[in-house]
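Structure file upload_16.cif; described as mmCIF, C-alpha atoms, pLDDT in the B column; chains and numbers go by the auth columns.
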data_data
#
loop_
_atom_site.group_PDB
_atom_site.id
_atom_site.type_symbol
_atom_site.label_atom_id
_atom_site.label_comp_id
_atom_site.label_asym_id
_atom_site.label_seq_id
_atom_site.Cartn_x
_atom_site.Cartn_y
_atom_site.Cartn_z
_atom_site.B_iso_or_equiv
_atom_site.auth_seq_id
_atom_site.auth_asym_id
ATOM 1 C CA MET A 1 -197.006 128.092 127.882 37.00 74 A
ATOM 2 C CA SER A 2 -194.619 127.898 124.947 48.00 75 A
ATOM 3 C CA GLY A 3 -191.353 129.481 123.963 66.00 76 A
ATOM 4 C CA THR A 4 -188.983 129.498 121.079 79.00 77 A
ATOM 5 C CA LEU A 5 -185.314 128.672 120.923 91.00 78 A
ATOM 6 C CA LYS A 6 -182.963 131.313 119.589 94.00 79 A
ATOM 7 C CA ASP A 7 -180.779 130.242 116.666 95.00 80 A
ATOM 8 C CA VAL A 8 -177.052 130.380 117.415 96.00 81 A
ATOM 9 C CA THR A 9 -174.150 130.010 114.991 96.00 82 A
ATOM 10 C CA ASP A 10 -170.401 129.510 115.306 95.00 83 A
ATOM 11 C CA ALA A 11 -170.079 133.289 115.009 95.00 84 A
ATOM 12 C CA SER A 12 -172.692 134.166 117.662 96.00 85 A
ATOM 13 C CA PHE A 13 -171.889 131.405 120.180 96.00 86 A
ATOM 14 C CA GLU A 14 -169.623 133.559 122.337 93.00 87 A
ATOM 15 C CA ARG A 15 -172.056 136.480 122.430 93.00 88 A
ATOM 16 C CA GLU A 16 -175.189 134.414 123.062 93.00 89 A
ATOM 17 C CA ILE A 17 -173.890 131.702 125.383 95.00 90 A
ATOM 18 C CA GLU A 18 -170.403 132.335 126.721 92.00 91 A
ATOM 19 C CA ARG A 19 -171.245 135.904 127.735 93.00 92 A
ATOM 20 C CA SER A 20 -174.732 135.181 129.057 94.00 93 A
ATOM 21 C CA GLU A 21 -175.511 136.233 132.612 93.00 94 A
ATOM 22 C CA ARG A 22 -178.176 133.503 132.865 93.00 95 A
ATOM 23 C CA PRO A 23 -178.143 129.752 132.415 95.00 96 A
ATOM 24 C CA VAL A 24 -178.656 128.670 128.800 96.00 97 A
ATOM 25 C CA LEU A 25 -180.047 125.342 127.632 96.00 98 A
ATOM 26 C CA VAL A 26 -178.634 124.647 124.167 97.00 99 A
ATOM 27 C CA LEU A 27 -180.016 122.079 121.756 96.00 100 A
ATOM 28 C CA PHE A 28 -177.578 120.672 119.207 95.00 101 A
ATOM 29 C CA TRP A 29 -179.612 119.217 116.352 92.00 102 A
ATOM 30 C CA ALA A 30 -179.560 118.530 112.616 89.00 103 A
ATOM 31 C CA ALA A 31 -182.220 119.511 110.120 81.00 104 A
ATOM 32 C CA SER A 32 -182.165 116.025 108.628 76.00 105 A
ATOM 33 C CA ASP A 33 -183.215 114.556 111.976 66.00 106 A
ATOM 34 C CA GLY A 34 -186.600 116.299 112.014 68.00 107 A
ATOM 35 C CA TRP A 35 -186.603 117.309 115.677 69.00 108 A
ATOM 36 C CA ALA A 36 -189.316 119.979 115.372 72.00 109 A
ATOM 37 C CA ASP A 37 -191.478 118.428 118.121 80.00 110 A
ATOM 38 C CA TYR A 38 -188.477 118.133 120.449 87.00 111 A
ATOM 39 C CA GLN A 39 -187.563 121.762 119.844 89.00 112 A
ATOM 40 C CA ALA A 40 -191.097 122.744 120.850 89.00 113 A
ATOM 41 C CA VAL A 41 -190.743 120.750 124.100 92.00 114 A
ATOM 42 C CA LEU A 42 -187.464 122.514 124.903 94.00 115 A
ATOM 43 C CA GLY A 43 -189.118 125.846 124.186 93.00 116 A
ATOM 44 C CA GLU A 44 -191.892 124.999 126.655 94.00 117 A
ATOM 45 C CA VAL A 45 -189.348 123.958 129.292 95.00 118 A
ATOM 46 C CA VAL A 46 -187.385 127.199 128.919 95.00 119 A
ATOM 47 C CA ALA A 47 -190.595 129.270 128.997 94.00 120 A
ATOM 48 C CA GLY A 48 -191.535 127.549 132.260 94.00 121 A
ATOM 49 C CA TYR A 49 -188.499 129.115 133.959 94.00 122 A
ATOM 50 C CA ASP A 50 -189.960 132.601 133.390 92.00 123 A
ATOM 51 C CA GLY A 51 -186.802 134.232 132.042 90.00 124 A
ATOM 52 C CA LYS A 52 -184.402 132.564 134.489 94.00 125 A
ATOM 53 C CA VAL A 53 -183.100 130.200 131.777 95.00 126 A
ATOM 54 C CA ASP A 54 -182.531 131.020 128.116 95.00 127 A
ATOM 55 C CA GLY A 55 -182.913 128.532 125.285 96.00 128 A
ATOM 56 C CA CYS A 56 -180.906 128.267 122.084 96.00 129 A
ATOM 57 C CA ARG A 57 -180.451 125.816 119.269 95.00 130 A
ATOM 58 C CA ILE A 58 -177.465 125.116 117.061 95.00 131 A
ATOM 59 C CA ASN A 59 -177.618 123.178 113.820 93.00 132 A
ATOM 60 C CA ALA A 60 -174.658 120.867 114.329 94.00 133 A
ATOM 61 C CA ASP A 61 -174.347 120.117 110.613 92.00 134 A
ATOM 62 C CA GLU A 62 -173.939 123.790 109.763 94.00 135 A
ATOM 63 C CA HIS A 63 -171.882 124.693 112.858 95.00 136 A
ATOM 64 C CA ALA A 64 -169.705 121.644 113.414 95.00 137 A
ATOM 65 C CA ASP A 65 -166.882 123.650 115.022 94.00 138 A
ATOM 66 C CA THR A 66 -169.102 124.677 117.922 95.00 139 A
ATOM 67 C CA ALA A 67 -170.545 121.176 118.290 96.00 140 A
ATOM 68 C CA ALA A 68 -167.035 119.736 118.464 95.00 141 A
ATOM 69 C CA LYS A 69 -165.920 122.422 120.925 94.00 142 A
ATOM 70 C CA CYS A 70 -168.803 121.412 123.211 94.00 143 A
ATOM 71 C CA GLY A 71 -168.064 117.687 122.947 94.00 144 A
ATOM 72 C CA VAL A 72 -171.283 116.836 121.119 95.00 145 A
ATOM 73 C CA ARG A 73 -171.059 113.369 119.590 93.00 146 A
ATOM 74 C CA ALA A 74 -174.720 112.429 119.129 92.00 147 A
ATOM 75 C CA LEU A 75 -177.811 114.284 117.985 92.00 148 A
ATOM 76 C CA PRO A 76 -179.897 115.584 119.488 93.00 149 A
ATOM 77 C CA THR A 77 -177.921 116.662 122.549 95.00 150 A
ATOM 78 C CA VAL A 78 -178.801 119.325 125.103 96.00 151 A
ATOM 79 C CA VAL A 79 -175.999 121.182 126.850 97.00 152 A
ATOM 80 C CA LEU A 80 -176.502 123.375 129.888 97.00 153 A
ATOM 81 C CA PHE A 81 -174.275 126.409 130.364 97.00 154 A
ATOM 82 C CA ASP A 82 -174.320 128.690 133.399 96.00 155 A
ATOM 83 C CA ARG A 83 -172.822 132.162 133.021 92.00 156 A
ATOM 84 C CA GLY A 84 -170.874 130.942 130.005 92.00 157 A
ATOM 85 C CA ALA A 85 -169.425 127.819 131.604 95.00 158 A
ATOM 86 C CA TRP A 86 -170.274 124.303 130.411 95.00 159 A
ATOM 87 C CA VAL A 87 -172.213 122.549 133.193 96.00 160 A
ATOM 88 C CA ALA A 88 -173.572 119.265 131.811 97.00 161 A
ATOM 89 C CA GLN A 89 -174.968 117.604 128.720 96.00 162 A
ATOM 90 C CA LYS A 90 -177.467 114.885 127.835 95.00 163 A
ATOM 91 C CA PRO A 91 -177.670 113.152 124.476 94.00 164 A
ATOM 92 C CA GLY A 92 -180.933 111.815 123.120 91.00 165 A
ATOM 93 C CA VAL A 93 -184.541 112.859 123.312 90.00 166 A
ATOM 94 C CA ARG A 94 -185.840 113.608 126.822 91.00 167 A
ATOM 95 C CA SER A 95 -189.329 114.282 128.142 93.00 168 A
ATOM 96 C CA LYS A 96 -190.324 117.680 129.474 94.00 169 A
ATOM 97 C CA GLN A 97 -190.065 116.354 133.034 96.00 170 A
ATOM 98 C CA GLN A 98 -186.608 114.862 132.396 96.00 171 A
ATOM 99 C CA LEU A 99 -185.363 118.151 130.946 96.00 172 A
ATOM 100 C CA MET A 100 -186.651 120.106 133.931 96.00 173 A
ATOM 101 C CA ALA A 101 -185.006 117.640 136.322 97.00 174 A
ATOM 102 C CA PHE A 102 -181.760 117.976 134.343 97.00 175 A
ATOM 103 C CA ILE A 103 -181.818 121.764 134.691 97.00 176 A
ATOM 104 C CA ASP A 104 -182.867 121.706 138.346 97.00 177 A
ATOM 105 C CA GLN A 105 -180.174 119.154 139.225 96.00 178 A
ATOM 106 C CA HIS A 106 -177.398 121.321 137.841 93.00 179 A
ATOM 107 C CA LEU A 107 -178.453 124.833 138.863 87.00 180 A
#
Is it possible to give me this structure as structure tokens?
Amino acid sequence: MSGTLKDVTDASFEREIERSERPVLVLFWAASDGWADYQAVLGEVVAGYDGKVDGCRINADEHADTAAKCGVRALPTVVLFDRGAWVAQKPGVRSKQQLMAFIDQHL
């Protein structure tokens, strides 16, 4: 099972994440880091929640205001929001199992 992460920008952050009725796992990344494989893993994790968790990605180089607003200091970083509220974040690359445990622990 695989899924894709929706691209979010500074302009769409409020609409896509802060107004969401569901939890959202957000990946902050940079194109120069080459995290394509990691993005695929996050997509699979989100797909495994069968629509109960959304997945987004934000290019932190292009949307530095949003990254700063969310306290992102390292890339990649995943941030979990629930109904628009910041819940928790984890910097660094995580396995599929670690990401699922992260979501399950906080929801």
- Item | Residues returned when the PyMOL selection byres ((chain A and resi 101) around 7) runs on this file, as number ranges by chain | A: 99-100, 102, 130-133, 148-151
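Across the structure, atom CA of Ala161 of chain A and atom CA of Val114 of chain A are spaced 18.9 Å apart.
Taken over the shown file, the PyMOL selection byres ((chain A and resi 83) around 6) identifies Thr82, Ala84, Ser85, Phe86, His136 and Thr139 of chain A.
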- Query: When you draw a straight line from atom CA of Cys143 of chain A to atom CA of Pro164 of chain A, how long is it in Å?
  - Reply: 12.2 Å
- Query: So how many Å separate atom CA of Ala140 of chain A and atom CA of Asp123 of chain A, to one decimal?
  - Reply: 27.1 Å
- Hey, what comes out of the PyMOL selection byres ((chain A and resi 122) around 12) on this file? Could you write it as a ChimeraX atom specification? /A:74-76,95-98,115-121,123-128,172-173,176-177,180
- Task: Can you work out which one of A:Tyr111, A:Phe154, A:Phe175, A:Trp159 has the shortest atom-to-atom distance to Thr77 of chain A, counting all atoms listed in the file?
- Result: A:Tyr111
So that all listed atoms of segment 120-135 of chain A fit with 8 Å spare on each side, what axis-aligned box centre and edge lengths in Å, to one decimal, would you give as AutoDock Vina command-line options?
--center_x -182.7 --center_y 127.2 --center_z 122.1 --size_x 33.6 --size_y 30.1 --size_z 40.7
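Minimum distance to Leu78 of chain A across A:Ala103, A:Gln112, A:Arg92, A:Val145 (counting all atoms listed in the file) occurs at A:Gln112.
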- Message: Just want the 12 Å neighbourhood of Arg88 of chain A, counted on only C-alpha atoms, with same-chain residues fewer than 6 positions away dropped. Output as a count of residues only.
- Response: 5
Would you mind writing segment 131-142 of chain A with all heavy atoms, as a PDB file, keeping the file's coordinate frame?
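Result file is rebuild.pdb:
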ATOM      1  N   ILE A 131    -178.568 125.030 118.003  1.00 95.00           N
ATOM      2  CA  ILE A 131    -177.465 125.116 117.061  1.00 95.00           C
ATOM      3  C   ILE A 131    -177.559 123.936 116.109  1.00 95.00           C
ATOM      4  O   ILE A 131    -177.577 122.778 116.541  1.00 95.00           O
ATOM      5  CB  ILE A 131    -176.101 125.082 117.784  1.00 95.00           C
ATOM      6  CG1 ILE A 131    -175.977 126.272 118.740  1.00 95.00           C
ATOM      7  CG2 ILE A 131    -174.959 125.075 116.774  1.00 95.00           C
ATOM      8  CD1 ILE A 131    -174.725 126.248 119.591  1.00 95.00           C
ATOM      9  N   ASN A 132    -177.624 124.234 114.827  1.00 93.00           N
ATOM     10  CA  ASN A 132    -177.618 123.178 113.820  1.00 93.00           C
ATOM     11  C   ASN A 132    -176.198 122.645 113.741  1.00 93.00           C
ATOM     12  O   ASN A 132    -175.287 123.317 113.260  1.00 93.00           O
ATOM     13  CB  ASN A 132    -178.076 123.743 112.474  1.00 93.00           C
ATOM     14  CG  ASN A 132    -178.190 122.671 111.420  1.00 93.00           C
ATOM     15  OD1 ASN A 132    -177.372 121.761 111.348  1.00 93.00           O
ATOM     16  ND2 ASN A 132    -179.214 122.794 110.595  1.00 93.00           N
ATOM     17  N   ALA A 133    -175.998 121.447 114.235  1.00 94.00           N
ATOM     18  CA  ALA A 133    -174.658 120.867 114.329  1.00 94.00           C
ATOM     19  C   ALA A 133    -174.054 120.564 112.967  1.00 94.00           C
ATOM     20  O   ALA A 133    -172.830 120.552 112.831  1.00 94.00           O
ATOM     21  CB  ALA A 133    -174.702 119.604 115.182  1.00 94.00           C
ATOM     22  N   ASP A 134    -174.876 120.342 111.955  1.00 92.00           N
ATOM     23  CA  ASP A 134    -174.347 120.117 110.613  1.00 92.00           C
ATOM     24  C   ASP A 134    -173.736 121.398 110.052  1.00 92.00           C
ATOM     25  O   ASP A 134    -172.690 121.371 109.421  1.00 92.00           O
ATOM     26  CB  ASP A 134    -175.443 119.637 109.664  1.00 92.00           C
ATOM     27  CG  ASP A 134    -175.861 118.201 109.919  1.00 92.00           C
ATOM     28  OD1 ASP A 134    -175.086 117.452 110.557  1.00 92.00           O
ATOM     29  OD2 ASP A 134    -176.964 117.822 109.489  1.00 92.00           O
ATOM     30  N   GLU A 135    -174.397 122.509 110.292  1.00 94.00           N
ATOM     31  CA  GLU A 135    -173.939 123.790 109.763  1.00 94.00           C
ATOM     32  C   GLU A 135    -172.858 124.431 110.638  1.00 94.00           C
ATOM     33  O   GLU A 135    -172.094 125.264 110.161  1.00 94.00           O
ATOM     34  CB  GLU A 135    -175.116 124.748 109.624  1.00 94.00           C
ATOM     35  CG  GLU A 135    -176.130 124.295 108.599  1.00 94.00           C
ATOM     36  CD  GLU A 135    -177.357 125.190 108.551  1.00 94.00           C
ATOM     37  OE1 GLU A 135    -177.404 126.207 109.285  1.00 94.00           O
ATOM     38  OE2 GLU A 135    -178.274 124.868 107.777  1.00 94.00           O
ATOM     39  N   HIS A 136    -172.813 124.067 111.914  1.00 95.00           N
ATOM     40  CA  HIS A 136    -171.882 124.693 112.858  1.00 95.00           C
ATOM     41  C   HIS A 136    -171.120 123.611 113.628  1.00 95.00           C
ATOM     42  O   HIS A 136    -171.152 123.544 114.857  1.00 95.00           O
ATOM     43  CB  HIS A 136    -172.653 125.633 113.787  1.00 95.00           C
ATOM     44  CG  HIS A 136    -173.461 126.630 113.007  1.00 95.00           C
ATOM     45  ND1 HIS A 136    -172.885 127.678 112.340  1.00 95.00           N
ATOM     46  CD2 HIS A 136    -174.787 126.694 112.754  1.00 95.00           C
ATOM     47  CE1 HIS A 136    -173.827 128.367 111.714  1.00 95.00           C
ATOM     48  NE2 HIS A 136    -174.985 127.788 111.949  1.00 95.00           N
ATOM     49  N   ALA A 137    -170.422 122.798 112.858  1.00 95.00           N
ATOM     50  CA  ALA A 137    -169.705 121.644 113.414  1.00 95.00           C
ATOM     51  C   ALA A 137    -168.582 122.053 114.356  1.00 95.00           C
ATOM     52  O   ALA A 137    -168.275 121.320 115.297  1.00 95.00           O
ATOM     53  CB  ALA A 137    -169.161 120.783 112.287  1.00 95.00           C
ATOM     54  N   ASP A 138    -167.970 123.215 114.135  1.00 94.00           N
ATOM     55  CA  ASP A 138    -166.882 123.650 115.022  1.00 94.00           C
ATOM     56  C   ASP A 138    -167.383 123.830 116.449  1.00 94.00           C
ATOM     57  O   ASP A 138    -166.737 123.398 117.406  1.00 94.00           O
ATOM     58  CB  ASP A 138    -166.254 124.961 114.528  1.00 94.00           C
ATOM     59  CG  ASP A 138    -165.447 124.770 113.256  1.00 94.00           C
ATOM     60  OD1 ASP A 138    -165.110 123.619 112.917  1.00 94.00           O
ATOM     61  OD2 ASP A 138    -165.150 125.791 112.600  1.00 94.00           O
ATOM     62  N   THR A 139    -168.544 124.455 116.588  1.00 95.00           N
ATOM     63  CA  THR A 139    -169.102 124.677 117.922  1.00 95.00           C
ATOM     64  C   THR A 139    -169.539 123.358 118.551  1.00 95.00           C
ATOM     65  O   THR A 139    -169.319 123.126 119.737  1.00 95.00           O
ATOM     66  CB  THR A 139    -170.265 125.674 117.866  1.00 95.00           C
ATOM     67  OG1 THR A 139    -169.762 126.918 117.359  1.00 95.00           O
ATOM     68  CG2 THR A 139    -170.874 125.903 119.235  1.00 95.00           C
ATOM     69  N   ALA A 140    -170.145 122.486 117.762  1.00 96.00           N
ATOM     70  CA  ALA A 140    -170.545 121.176 118.290  1.00 96.00           C
ATOM     71  C   ALA A 140    -169.330 120.408 118.800  1.00 96.00           C
ATOM     72  O   ALA A 140    -169.365 119.837 119.891  1.00 96.00           O
ATOM     73  CB  ALA A 140    -171.279 120.383 117.216  1.00 96.00           C
ATOM     74  N   ALA A 141    -168.257 120.430 118.045  1.00 95.00           N
ATOM     75  CA  ALA A 141    -167.035 119.736 118.464  1.00 95.00           C
ATOM     76  C   ALA A 141    -166.445 120.379 119.718  1.00 95.00           C
ATOM     77  O   ALA A 141    -166.016 119.677 120.644  1.00 95.00           O
ATOM     78  CB  ALA A 141    -166.012 119.751 117.333  1.00 95.00           C
ATOM     79  N   LYS A 142    -166.441 121.690 119.759  1.00 94.00           N
ATOM     80  CA  LYS A 142    -165.920 122.422 120.925  1.00 94.00           C
ATOM     81  C   LYS A 142    -166.671 122.045 122.199  1.00 94.00           C
ATOM     82  O   LYS A 142    -166.097 121.985 123.282  1.00 94.00           O
ATOM     83  CB  LYS A 142    -166.046 123.925 120.657  1.00 94.00           C
ATOM     84  CG  LYS A 142    -165.649 124.815 121.794  1.00 94.00           C
ATOM     85  CD  LYS A 142    -165.861 126.273 121.393  1.00 94.00           C
ATOM     86  CE  LYS A 142    -165.700 127.204 122.570  1.00 94.00           C
ATOM     87  NZ  LYS A 142    -165.917 128.605 122.193  1.00 94.00           N
TER      88      LYS A 142
END
